[in-house]
Amino acid sequence: MKYNVAALQIGASPSGTLATLEKIMKYESEIKELNIKLVVMPEATIGGYPKGSTFGTYLGYRTQSGREEFSKYHKNAITLPGPETETLLNFSKRTGATLVVGAIEKAGATLYCTMIYIDPDLGYIGKHRKLMPTASERLVWGQGDGSGLITPDNKYLGKLGGAICWENYMPLYRAAMYSKGVNVYCAPTVDEREIWQSLMRTIGTEGRLFVVSAVHFLPPPEECGLDMPTWEKGRNSINGGSVIVNPYGDIIAGPLTGKEGLLTAEIDLDTIVEARYDLDITGHYARNDIFKLTVDERPKDGVSFIN
């Protein structure tokens with residue numbers, strides 16, 4: 001059972017969401033030619049990652065210019081499902097590839113860092129909202145709830161799952177994903193550091209699964225409209241680093257750095273059971289008599305109306 005999977009290392013266009021979708025569409029022929037069954041795109045591909053921005057926030061007060069910047073950012077975010085997911089669905093149908101796309105989602109005035117699952121046959125499957133935005137991301141993104149710990153079934157690859165950026169450092173989150181029997185773990189991010197690759201190799205090794213991590217790529221701030229004080233002139237704002245990892249923790253494609261592009265690898269699903277022969281951490285390697293994890297997957301809506 002061998003299939004081709006890919007990480008599409010791309011960045012949000014400074015011209016907005018429509019232009020970003022157009023960038024994605026340019027990879028259609030390449031995805032079709034390579035018979036790719038899964039394409040993972042980076043965190044905040046649609047809507048953008050505003051690296052370097054403070055949104056005018058200081059301890060105890062906010063500036064009017066920061067509020068205006070947030071309003072502009074909000075306008076580039078998308079609702080789910082919506083016209084943008086319809087565009088991505090048509091792209092998925094034309095290529096035959098399942099898509100896992102990082103996006104900035106708006107629900108009312110609140111924004112979420114979200115990963116979207118789109119299947120060429122089933123359409124928009126659902127979404128996962130980042131549970132814990134990192135550091136100053138908390139200024140502009142809300143927190144997701146347990147209802148987003150979804151693991152869609154794919155007719156070729158089996159269960160898909162994953163986490164966004166530093167959610168992957170949450171051991172209990174990873175344990176929940178592993179317990180659901182994920183075969184291919186999707187990890188959209190903006191983390192360009194080499195240590196990120198070590199984390200992806202750890203997830204592949206401990207989960208005995210394939211990992212596809214797509215990293216955002218953005219050129220230097222002066223070329224993409226970002227305000228990044230103290231940043232080295234000419235240095236890429238986000239340098240990429242996408243990787244694909246096998247169930248033994250080996251990098252089988254990448255890292256791709258310094259440019260946009262489609263990173264591909266052939267994966268053999270039989271390798272998963274072979275690797276779990278001596279390490280199945282939710283099976284024979286678990287000590288359920290000692291350890292227990294309870295996961296609350298109920299939606300946490302702030303207001304409930306009872307008719």
# chains A, B, ... in the order shown; residues from 1 in each chain; ligands from 1
>>> closest_atom_pairs(of="stretch 12-37 of chain A", to="stretch 201-223 of chain A", cutoff="12 Å", atoms="only C-alpha atoms", output="JSON lines")
{"residue": "A:Ala12", "atom": "CA", "partner": "A:Leu218", "partner_atom": "CA", "distance": 7.7}
{"residue": "A:Ser13", "atom": "CA", "partner": "A:Leu218", "partner_atom": "CA", "distance": 8.8}
{"residue": "A:Pro14", "atom": "CA", "partner": "A:Glu223", "partner_atom": "CA", "distance": 9.0}
{"residue": "A:Ser15", "atom": "CA", "partner": "A:Glu223", "partner_atom": "CA", "distance": 11.7}
>>> write_last_selection(atoms="N, CA and C atoms", output="PDB file, in the first residue's frame")
ATOM      1  N   ALA A  12       1.463  33.000   2.712  1.00  0.00           N
ATOM      2  CA  ALA A  12       0.330  33.857   2.379  1.00  0.00           C
ATOM      3  C   ALA A  12       0.803  35.033   1.541  1.00  0.00           C
ATOM      4  N   SER A  13       0.014  35.403   0.558  1.00  0.00           N
ATOM      5  CA  SER A  13       0.345  36.556  -0.288  1.00  0.00           C
ATOM      6  C   SER A  13       0.034  37.850   0.457  1.00  0.00           C
ATOM      7  N   PRO A  14       0.915  38.850   0.386  1.00  0.00           N
ATOM      8  CA  PRO A  14       0.605  40.143   1.002  1.00  0.00           C
ATOM      9  C   PRO A  14      -0.581  40.833   0.339  1.00  0.00           C
ATOM     10  N   SER A  15      -0.994  40.327  -0.836  1.00  0.00           N
ATOM     11  CA  SER A  15      -2.142  40.906  -1.543  1.00  0.00           C
ATOM     12  C   SER A  15      -3.468  40.368  -1.043  1.00  0.00           C
TER      13      SER A  15
END
>>> select_by_dssp(residues="stretch 112-167 of chain A", states="strand (DSSP E or B)", output="ChimeraX atom specification")
/A:112-119,123-129,153-154,158-162
>>> residues_around(residues="A:Gly240", least_positions_apart="5", cutoff="9 Å", atoms="only C-alpha atoms", output="count of residues only")
17
>>> atom_distance(atom1="atom CA of A:Ile281", atom2="atom CA of A:Met1")
23.0 Å
>>> atom_distance(atom1="atom CA of A:Asp268", atom2="atom CA of A:Val184")
11.0 Å
>>> atom_distance(atom1="atom CA of A:Asn288", atom2="atom CA of A:Asp145")
25.2 Å
>>> select_by_dssp(residues="stretch 8-191 of chain A", states="alpha helix (DSSP H)", output="VMD selection string")
chain A and resid 17 to 25 28 to 33 64 to 76 83 to 95 171 to 179
>>> residues_around(residues="A:Tyr117", least_positions_apart="4", cutoff="12 Å", atoms="only C-alpha atoms", output="ChimeraX atom specification")
/A:38-41,80-81,85,88-89,92,97-103,121-129,148-154,159-162,186
>>> closest_residue(among="A:Thr45, A:Ser29, A:Gln64, A:Ser53", to="A:Asp227", atoms="only C-alpha atoms")
A:Ser53
>>> closest_residue(among="A:Phe55, A:Tyr185, A:Tyr73, A:Phe291", to="A:Thr17", atoms="only C-alpha atoms")
A:Tyr73
>>> closest_atom_pairs(of="stretch 133-158 of chain A", to="stretch 105-111 of chain A", cutoff="7 Å", atoms="only C-alpha atoms", output="tab-separated table")
residue	atom	partner	partner_atom	distance
A:Val140	CA	A:Leu111	CA	6.6
A:Trp141	CA	A:Leu111	CA	5.0
A:Gly142	CA	A:Leu111	CA	6.0
>>> closest_residue(among="A:Val243, A:Tyr248, A:Gly11, A:Gln143", to="A:Leu263", atoms="only C-alpha atoms")
A:Val243
